[in-house]
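Asks: Quick one, protein_33.cif (mmCIF, C-alpha atoms):
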```cif
data_input
loop_
_atom_site.label_atom_id
_atom_site.label_comp_id
_atom_site.auth_asym_id
_atom_site.auth_seq_id
_atom_site.Cartn_x
_atom_site.Cartn_y
_atom_site.Cartn_z
CA MET A 16 0.00 0.00 0.00
CA ASP A 17 1.41 3.40 -1.05
CA ILE A 18 1.24 6.02 1.69
CA VAL A 19 1.26 9.73 0.85
CA ILE A 20 2.53 11.61 3.88
CA ASN A 21 2.11 15.31 4.50
CA LYS A 22 2.09 17.74 7.40
CA LYS A 23 -1.70 17.75 7.78
CA ILE A 24 -1.91 13.95 8.05
CA LEU A 25 0.85 13.71 10.67
CA ASP A 26 -0.45 16.69 12.65
CA ASN A 27 -3.84 15.01 12.82
CA ILE A 28 -2.30 11.71 13.97
CA TYR A 29 -0.19 13.43 16.63
CA ILE A 30 -3.12 15.43 17.98
CA ASN A 31 -5.85 12.80 17.80
CA ASP A 32 -4.23 9.36 17.87
CA PHE A 33 -1.13 9.71 20.03
CA ASP A 34 -1.50 8.92 23.73
CA SER A 35 1.75 9.10 25.70
CA GLU A 36 0.75 6.53 28.34
CA THR A 37 -0.29 3.99 25.73
CA PHE A 38 2.89 4.68 23.79
CA LYS A 39 5.08 4.18 26.87
CA SER A 40 3.34 0.88 27.62
CA ILE A 41 4.48 -0.67 24.32
CA ASP A 42 7.63 1.25 23.36
CA PRO A 43 11.16 0.52 24.67
CA CYS A 44 11.23 3.99 26.25
CA GLY A 45 8.75 2.63 28.81
CA ILE A 46 11.53 0.55 30.38
CA VAL A 47 13.50 3.73 31.01
CA TYR A 48 10.45 5.12 32.80
CA LYS A 49 10.58 2.02 35.01
CA LEU A 50 14.23 2.81 35.72
CA MET A 51 13.19 6.32 36.77
CA ASP A 52 10.96 4.77 39.44
CA HIS A 53 14.17 3.50 41.05
CA THR A 54 16.62 6.37 40.55
CA SER A 55 16.72 10.08 39.83
CA ASN A 56 20.46 10.09 39.16
CA GLN A 57 21.01 11.65 35.74
CA LEU A 58 23.84 9.33 34.73
CA ASP A 59 21.72 6.32 35.65
CA ILE A 60 18.95 7.55 33.38
CA GLU A 61 21.32 8.48 30.56
CA LEU A 62 23.13 5.14 30.59
CA GLY A 63 19.93 3.15 31.03
CA ALA A 64 18.39 4.93 28.06
CA LEU A 65 21.56 4.46 26.03
CA PHE A 66 21.57 0.71 26.59
CA VAL A 67 17.86 0.41 25.86
CA SER A 68 18.29 2.34 22.63
CA MET A 69 21.30 0.20 21.72
CA ILE A 70 19.15 -2.94 21.63
CA SER A 71 16.10 -1.26 20.11
CA TRP A 72 15.85 -3.27 16.92
CA GLY A 73 13.41 -6.03 16.14
CA ASN A 74 10.22 -6.91 17.98
CA ARG A 75 9.17 -4.38 20.61
CA LYS A 76 8.10 -7.01 23.13
CA ALA A 77 11.44 -8.76 22.81
CA ILE A 78 13.30 -5.47 23.15
CA ARG A 79 11.39 -4.54 26.29
CA LYS A 80 11.93 -7.98 27.84
CA ALA A 81 15.68 -7.88 27.19
CA ALA A 82 15.94 -4.25 28.31
CA GLU A 83 14.14 -4.85 31.59
CA TYR A 84 16.29 -7.89 32.32
CA MET A 85 19.39 -5.79 31.61
CA LEU A 86 18.41 -2.84 33.81
CA CYS A 87 16.83 -4.83 36.64
CA ASP A 88 18.58 -8.19 36.88
CA GLU A 89 22.04 -7.27 35.65
CA MET A 90 22.38 -3.56 36.53
CA LYS A 91 20.17 -3.64 39.66
CA TRP A 92 18.57 -0.37 38.47
CA SER A 93 21.95 1.39 38.79
CA PRO A 94 23.58 1.62 35.35
CA SER A 95 26.07 4.24 36.56
CA SER A 96 27.67 1.97 39.19
CA PHE A 97 27.44 -0.93 36.74
CA ILE A 98 29.66 1.03 34.33
CA ILE A 99 31.85 3.20 36.57
CA GLU A 100 32.65 0.43 39.05
CA GLY A 101 33.21 -2.14 36.32
CA LYS A 102 30.46 -4.48 37.51
CA PHE A 103 29.79 -5.35 33.88
CA GLU A 104 32.88 -7.58 33.90
CA ASN A 105 30.91 -10.13 35.94
CA SER A 106 27.57 -9.71 34.19
CA TYR A 107 25.45 -12.11 32.13
CA LYS A 108 27.12 -15.19 33.59
CA ASN A 109 24.16 -17.53 33.19
CA VAL A 110 22.50 -16.40 29.96
CA LYS A 111 21.61 -18.92 27.29
CA ASN A 112 23.95 -19.16 24.30
CA ASN A 113 26.13 -16.31 25.59
CA CYS A 114 23.45 -13.92 24.28
CA VAL A 115 22.50 -10.49 25.60
CA TYR A 116 20.05 -9.71 22.81
CA ARG A 117 19.80 -11.22 19.33
CA THR A 118 23.29 -10.94 17.76
CA LEU A 119 24.76 -9.03 20.73
CA ASN A 120 26.84 -11.49 22.73
CA VAL A 121 28.23 -11.10 26.24
CA GLU A 122 31.82 -10.30 25.28
CA THR A 123 30.73 -7.64 22.81
CA PHE A 124 28.44 -6.15 25.45
CA LYS A 125 31.35 -5.95 27.92
CA SER A 126 33.54 -4.35 25.27
CA VAL A 127 30.87 -1.69 24.71
CA CYS A 128 30.70 -1.08 28.48
CA ARG A 129 34.47 -0.54 28.61
CA LYS A 130 34.29 1.98 25.77
CA ILE A 131 31.45 3.85 27.47
CA ARG A 132 33.38 4.05 30.75
CA LYS A 133 36.47 5.31 28.92
CA GLY A 134 34.39 7.75 26.89
CA LEU A 135 32.80 9.27 29.98
CA ASP A 136 36.32 10.18 31.10
CA GLY A 137 35.30 10.92 34.68
CA HIS A 138 32.36 13.20 33.82
CA SER A 139 29.41 12.94 36.15
CA THR A 140 26.88 12.91 33.29
CA MET A 141 26.84 12.21 29.57
CA GLU A 142 25.43 15.69 29.08
CA LYS A 143 28.58 17.20 30.59
CA CYS A 144 30.78 14.81 28.66
CA LEU A 145 29.22 16.00 25.39
CA ALA A 146 29.06 19.69 26.38
CA GLY A 147 29.99 22.00 23.53
CA LYS A 148 29.43 19.31 20.89
CA THR A 149 26.82 19.76 18.19
CA ALA A 150 24.05 17.18 17.82
CA LYS A 151 25.86 15.70 14.83
CA GLU A 152 29.17 15.55 16.70
CA SER A 153 27.44 13.94 19.68
CA ILE A 154 25.90 11.29 17.45
CA SER A 155 29.31 10.49 16.02
CA ILE A 156 30.90 10.21 19.49
CA ILE A 157 28.19 7.93 20.84
CA CYS A 158 28.34 5.78 17.70
CA SER A 159 32.04 5.28 18.39
CA TRP A 160 31.31 4.19 21.97
CA LEU A 161 28.85 1.58 20.68
CA SER A 162 30.80 0.62 17.57
CA ASP A 163 31.44 -2.96 18.72
CA ALA A 164 27.67 -3.49 18.84
CA LYS A 165 27.50 -2.51 15.16
CA ILE A 166 25.29 0.48 15.86
CA GLY A 167 26.22 2.10 12.54
CA THR A 168 27.97 5.30 11.48
CA MET A 169 26.87 8.31 9.46
CA GLU A 170 28.96 7.02 6.56
CA LYS A 171 26.97 3.78 6.37
CA SER A 172 23.62 4.31 8.11
CA ALA A 173 21.10 6.80 9.47
CA CYS A 174 22.24 6.13 13.08
CA LYS A 175 18.60 5.54 14.00
CA ARG A 176 19.11 4.29 17.54
CA ILE A 177 21.47 7.10 18.53
CA CYS A 178 19.18 9.78 17.06
CA MET A 179 16.36 8.21 19.07
CA PHE A 180 18.45 8.22 22.25
CA ILE A 181 19.33 11.90 21.83
CA ARG A 182 15.66 12.66 21.14
CA TRP A 183 14.74 10.87 24.38
CA MET A 184 17.27 12.95 26.32
CA THR A 185 16.48 16.31 24.71
CA ARG A 186 12.86 16.62 23.60
CA THR A 187 10.76 18.02 26.45
CA THR A 188 7.40 16.40 25.71
CA ALA A 189 6.39 12.83 26.66
CA PRO A 190 7.24 10.14 25.74
CA ASP A 191 10.67 11.78 25.74
CA PHE A 192 12.50 12.64 28.96
CA GLY A 193 13.98 16.09 28.28
CA ILE A 194 16.74 15.86 30.89
CA TRP A 195 19.42 17.51 28.75
CA SER A 196 18.53 21.12 29.51
CA THR A 197 21.61 22.41 27.68
CA ARG A 198 20.35 20.93 24.41
CA ASN A 199 17.79 22.33 22.01
CA GLN A 200 15.03 20.13 20.62
CA GLN A 201 15.01 22.21 17.44
CA ASP A 202 18.43 20.73 16.60
CA LEU A 203 17.48 17.05 16.80
CA TYR A 204 17.75 14.64 13.88
CA ALA A 205 14.93 12.45 12.61
CA VAL A 206 14.83 8.80 13.66
CA MET A 207 15.29 7.16 10.28
CA ASP A 208 15.15 3.44 9.49
CA VAL A 209 13.84 1.29 6.67
CA HIS A 210 10.24 1.49 7.95
CA VAL A 211 10.32 5.28 8.29
CA CYS A 212 11.94 5.53 4.88
CA ASP A 213 9.12 3.45 3.37
CA LEU A 214 6.43 5.55 5.08
CA THR A 215 7.98 8.84 3.93
CA ARG A 216 9.00 7.70 0.46
CA SER A 217 6.51 10.09 -1.15
CA ILE A 218 8.28 13.16 0.27
CA LEU A 219 11.91 12.02 0.13
CA THR A 220 14.43 12.33 -2.69
CA ASN A 221 16.68 9.84 -0.90
CA LYS A 222 14.78 6.55 -0.94
CA ARG A 223 17.14 4.49 1.23
CA PRO A 224 17.64 4.80 5.02
CA THR A 225 20.97 6.66 4.87
CA TRP A 226 22.27 9.68 6.73
CA LYS A 227 21.34 11.81 3.71
CA ALA A 228 17.73 10.59 4.05
CA CYS A 229 17.86 11.37 7.77
CA GLU A 230 19.01 14.93 7.09
CA GLU A 231 16.42 15.37 4.35
CA LEU A 232 13.57 14.19 6.57
CA THR A 233 14.85 16.33 9.45
CA ASN A 234 14.74 19.43 7.25
CA ILE A 235 11.18 18.59 6.16
CA PHE A 236 10.12 18.20 9.79
CA LYS A 237 11.75 21.54 10.64
CA SER A 238 9.88 23.25 7.83
CA TRP A 239 6.62 21.88 9.30
CA ASP A 240 7.37 22.80 12.92
CA SER A 241 10.61 24.59 13.74
CA ASP A 242 10.01 24.43 17.50
CA ASP A 243 9.25 20.72 17.84
CA PRO A 244 10.17 18.99 14.57
CA LEU A 245 10.51 15.51 16.05
CA LYS A 246 6.90 15.28 17.14
CA TYR A 247 6.53 13.94 13.60
CA ASP A 248 8.75 10.98 14.55
CA ILE A 249 6.14 10.08 17.12
CA ALA A 250 3.32 10.55 14.62
CA LEU A 251 5.04 8.24 12.16
CA MET A 252 5.41 5.52 14.81
CA VAL A 253 1.71 5.81 15.66
CA LEU A 254 0.87 5.62 11.96
CA ALA A 255 3.05 2.51 11.57
CA ASP A 256 1.19 0.87 14.46
CA LYS A 257 -2.16 1.69 12.87
CA ILE A 258 -1.05 0.21 9.55
CA ASN A 259 0.20 -2.97 11.26
CA LYS A 260 -3.09 -3.40 13.12
CA THR A 261 -5.04 -2.95 9.88
CA ASN A 262 -2.86 -5.45 8.06
CA ASN A 263 -3.22 -7.99 10.87
CA LYS A 264 -7.01 -7.67 10.81
CA GLN A 265 -7.03 -8.23 7.07
CA LEU A 266 -4.89 -11.35 7.46
CA ASN A 267 -7.28 -12.72 10.10
#
```
Would it be possible to restate this file's structure as structure tokens?

Replies:
Amino acid sequence: MDIVINKKILDNIYINDFDSETFKSIDPCGIVYKLMDHTSNQLDIELGALFVSMISWGNRKAIRKAAEYMLCDEMKWSPSSFIIEGKFENSYKNVKNNCVYRTLNVETFKSVCRKIRKGLDGHSTMEKCLAGKTAKESISIICSWLSDAKIGTMEKSACKRICMFIRWMTRTTAPDFGIWSTRNQQDLYAVMDVHVCDLTRSILTNKRPTWKACEELTNIFKSWDSDDPLKYDIALMVLADKINKTNNKQLN
């Protein structure tokens, strides 16, 4: 089915179909809200959100299950001590097939943890660590921290999961957390993947989920709403859910 996207359609979806509590109950970001029931420490929230975003590919239920196990059972709701104190070195001892999530194995996970600890370089928060960096520079830095997990780079992908993480941290409206007060939500990049690319094909020149497509979609969103361009990310996710439900009903 060909979808023709425009500002009016997505505005209508965001206003009439998006409910933040429902969204949080099915989206991986909801696990970070569970973390926030246990800690108000900014680095805990940043690192928890970073790890959840890192494994946010595939089935949402599977992502949420793996993310909650990671934050609760392995990190004990304290991602900052898990990283800073090196507790990750003794983590995931009893998991089946040496697997953290899908293709992410235990040794790769530990390698990512080491890079994150080194990257933080003694800063008390990720926000402070990235102070003075543009959104694009921050994406590049975080991609390098997670490189062993094959998170992608701007040269080869749209860096979807890192753009989503920075949206979570920066955008001030639920379902996002808005804890990076030194950042501006007008400067965020669109969360681009193959599904988003398919949904927005009618308005994109770049038809593949590359960084160029991400930048193109970001500029379109900014032209529609310069103050809160990434509300259209949310609208697209709601639209995708509606399409999936319709397709499932037709199959049944």

Asks: Distance CA of Ile30 (chain A)-CA of Cys44 (chain A), one decimal place?

Replies: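 Between CA of Ile30 (chain A) and CA of Cys44 (chain A) the gap is 20.1 Å.
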
Asks: Please expand the PyMOL selection byres ((chain A and resi 117) around 10) into the concrete residues it hits in this file, giving the result as JSON, numbers by chain.

Replies: {"A": [70, 72, 73, 77, 78, 81, 114, 115, 116, 118, 119, 120]}

Asks: Go through A:Leu254, A:Thr188, A:Leu219, A:Lys260 one by one, measure the shortest atom-to-atom distance of each to Asn31 (chain A) using all atoms listed in the file, and give the residue with the smallest value.

Replies: A:Leu254

Asks: Scan for residues within 8 Å of the point (16.5, 5.6, 33.0) in the coordinates of the file, using all atoms listed in the file, and reply as a list of chain:residue names.

Replies: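 All residues meeting the 8 Å criterion around (16.5, 5.6, 33.0) are A:Ile46, A:Val47, A:Tyr48, A:Lys49, A:Leu50, A:Met51, A:Thr54, A:Asp59, A:Ile60, A:Glu61, A:Leu62, A:Gly63, A:Ala64.
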
Asks: Name the residues captured by the PyMOL selection byres ((chain A and resi 134-145) around 8) when it is applied to the shown file; answer as a CSV table (one decimal) with C-alpha atoms, in the coordinates of the input.

Replies:
```csv
chain,number,residue,atom,x,y,z
A,57,GLN,CA,21.0,11.6,35.7
A,58,LEU,CA,23.8,9.3,34.7
A,61,GLU,CA,21.3,8.5,30.6
A,130,LYS,CA,34.3,2.0,25.8
A,131,ILE,CA,31.4,3.8,27.5
A,132,ARG,CA,33.4,4.0,30.8
A,133,LYS,CA,36.5,5.3,28.9
A,146,ALA,CA,29.1,19.7,26.4
A,147,GLY,CA,30.0,22.0,23.5
A,148,LYS,CA,29.4,19.3,20.9
A,153,SER,CA,27.4,13.9,19.7
A,160,TRP,CA,31.3,4.2,22.0
A,195,TRP,CA,19.4,17.5,28.8
A,197,THR,CA,21.6,22.4,27.7
```

Asks: The PyMOL selection byres ((chain A and resi 150) around 9) on the file shown: which residues, as a ChimeraX atom specification?

Replies: /A:148-149,151-155,178,181,198,202-204

Asks: Please measure the separation of CA of Ala164 (chain A) and CA of Ile41 (chain A), giving the value in Å to one decimal.

Replies: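 Going from CA of Ala164 (chain A) over to CA of Ile41 (chain A), I get 24.0 Å.
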
Asks: Between A:Glu100, A:Ser40, A:Lys80, A:Tyr107, which one has atoms that come closest to Arg129 (chain A), using all atoms listed in the file?

Replies: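 Closest to Arg129 (chain A) of all the choices is A:Glu100.
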
Asks: Residues near Ile218 (chain A), anyone? I mean within 8 Å using only C-alpha atoms, not counting same-chain ones fewer than 3 positions away, as a PyMOL selection string.

Replies: chain A and resi 19-21+215

Asks: For region 205-228 of chain A, supply N, CA and C atoms and format the output as a PDB file, keeping the file's coordinate frame.

Replies:
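Output (rebuild-v2.pdb):
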```pdb
ATOM      1  N   ALA A 205      16.019  13.415  12.752  1.00  0.00           N
ATOM      2  CA  ALA A 205      14.930  12.450  12.610  1.00  0.00           C
ATOM      3  C   ALA A 205      15.420  11.030  12.875  1.00  0.00           C
ATOM      4  N   VAL A 206      14.523  10.215  13.403  1.00  0.00           N
ATOM      5  CA  VAL A 206      14.830   8.800  13.660  1.00  0.00           C
ATOM      6  C   VAL A 206      14.468   8.019  12.400  1.00  0.00           C
ATOM      7  N   MET A 207      15.492   7.737  11.611  1.00  0.00           N
ATOM      8  CA  MET A 207      15.290   7.160  10.280  1.00  0.00           C
ATOM      9  C   MET A 207      15.713   5.700  10.235  1.00  0.00           C
ATOM     10  N   ASP A 208      14.800   4.837   9.794  1.00  0.00           N
ATOM     11  CA  ASP A 208      15.150   3.440   9.490  1.00  0.00           C
ATOM     12  C   ASP A 208      14.383   3.020   8.251  1.00  0.00           C
ATOM     13  N   VAL A 209      14.461   1.744   7.910  1.00  0.00           N
ATOM     14  CA  VAL A 209      13.840   1.290   6.670  1.00  0.00           C
ATOM     15  C   VAL A 209      12.325   1.485   6.685  1.00  0.00           C
ATOM     16  N   HIS A 210      11.689   1.325   7.852  1.00  0.00           N
ATOM     17  CA  HIS A 210      10.240   1.490   7.950  1.00  0.00           C
ATOM     18  C   HIS A 210       9.832   2.953   7.780  1.00  0.00           C
ATOM     19  N   VAL A 211      10.587   3.843   8.435  1.00  0.00           N
ATOM     20  CA  VAL A 211      10.320   5.280   8.290  1.00  0.00           C
ATOM     21  C   VAL A 211      10.563   5.710   6.848  1.00  0.00           C
ATOM     22  N   CYS A 212      11.626   5.195   6.265  1.00  0.00           N
ATOM     23  CA  CYS A 212      11.940   5.530   4.880  1.00  0.00           C
ATOM     24  C   CYS A 212      10.800   5.107   3.948  1.00  0.00           C
ATOM     25  N   ASP A 213      10.250   3.920   4.189  1.00  0.00           N
ATOM     26  CA  ASP A 213       9.120   3.450   3.370  1.00  0.00           C
ATOM     27  C   ASP A 213       7.895   4.340   3.553  1.00  0.00           C
ATOM     28  N   LEU A 214       7.604   4.720   4.799  1.00  0.00           N
ATOM     29  CA  LEU A 214       6.430   5.550   5.080  1.00  0.00           C
ATOM     30  C   LEU A 214       6.543   6.946   4.473  1.00  0.00           C
ATOM     31  N   THR A 215       7.772   7.461   4.391  1.00  0.00           N
ATOM     32  CA  THR A 215       7.980   8.840   3.930  1.00  0.00           C
ATOM     33  C   THR A 215       8.511   8.912   2.507  1.00  0.00           C
ATOM     34  N   ARG A 216       8.450   7.780   1.817  1.00  0.00           N
ATOM     35  CA  ARG A 216       9.000   7.700   0.460  1.00  0.00           C
ATOM     36  C   ARG A 216       8.432   8.793  -0.466  1.00  0.00           C
ATOM     37  N   SER A 217       7.172   9.130  -0.259  1.00  0.00           N
ATOM     38  CA  SER A 217       6.510  10.090  -1.150  1.00  0.00           C
ATOM     39  C   SER A 217       7.068  11.506  -1.024  1.00  0.00           C
ATOM     40  N   ILE A 218       7.760  11.795   0.085  1.00  0.00           N
ATOM     41  CA  ILE A 218       8.280  13.160   0.270  1.00  0.00           C
ATOM     42  C   ILE A 218       9.802  13.211   0.261  1.00  0.00           C
ATOM     43  N   LEU A 219      10.451  12.060   0.088  1.00  0.00           N
ATOM     44  CA  LEU A 219      11.910  12.020   0.130  1.00  0.00           C
ATOM     45  C   LEU A 219      12.522  11.857  -1.270  1.00  0.00           C
ATOM     46  N   THR A 220      13.617  12.554  -1.494  1.00  0.00           N
ATOM     47  CA  THR A 220      14.430  12.330  -2.690  1.00  0.00           C
ATOM     48  C   THR A 220      15.312  11.113  -2.489  1.00  0.00           C
ATOM     49  N   ASN A 221      15.857  10.991  -1.261  1.00  0.00           N
ATOM     50  CA  ASN A 221      16.680   9.840  -0.900  1.00  0.00           C
ATOM     51  C   ASN A 221      15.764   8.706  -0.437  1.00  0.00           C
ATOM     52  N   LYS A 222      15.750   7.625  -1.182  1.00  0.00           N
ATOM     53  CA  LYS A 222      14.780   6.550  -0.940  1.00  0.00           C
ATOM     54  C   LYS A 222      15.324   5.408  -0.086  1.00  0.00           C
ATOM     55  N   ARG A 223      16.556   5.529   0.381  1.00  0.00           N
ATOM     56  CA  ARG A 223      17.140   4.490   1.230  1.00  0.00           C
ATOM     57  C   ARG A 223      17.458   5.099   2.598  1.00  0.00           C
ATOM     58  N   PRO A 224      17.442   4.276   3.666  1.00  0.00           N
ATOM     59  CA  PRO A 224      17.640   4.800   5.020  1.00  0.00           C
ATOM     60  C   PRO A 224      19.108   5.123   5.325  1.00  0.00           C
ATOM     61  N   THR A 225      19.595   6.195   4.698  1.00  0.00           N
ATOM     62  CA  THR A 225      20.970   6.660   4.870  1.00  0.00           C
ATOM     63  C   THR A 225      20.978   7.945   5.689  1.00  0.00           C
ATOM     64  N   TRP A 226      22.175   8.419   6.007  1.00  0.00           N
ATOM     65  CA  TRP A 226      22.270   9.680   6.730  1.00  0.00           C
ATOM     66  C   TRP A 226      21.716  10.836   5.897  1.00  0.00           C
ATOM     67  N   LYS A 227      21.898  10.768   4.578  1.00  0.00           N
ATOM     68  CA  LYS A 227      21.340  11.810   3.710  1.00  0.00           C
ATOM     69  C   LYS A 227      19.814  11.838   3.819  1.00  0.00           C
ATOM     70  N   ALA A 228      19.192  10.665   3.882  1.00  0.00           N
ATOM     71  CA  ALA A 228      17.730  10.590   4.050  1.00  0.00           C
ATOM     72  C   ALA A 228      17.328  11.137   5.408  1.00  0.00           C
TER      73      ALA A 228
END
```
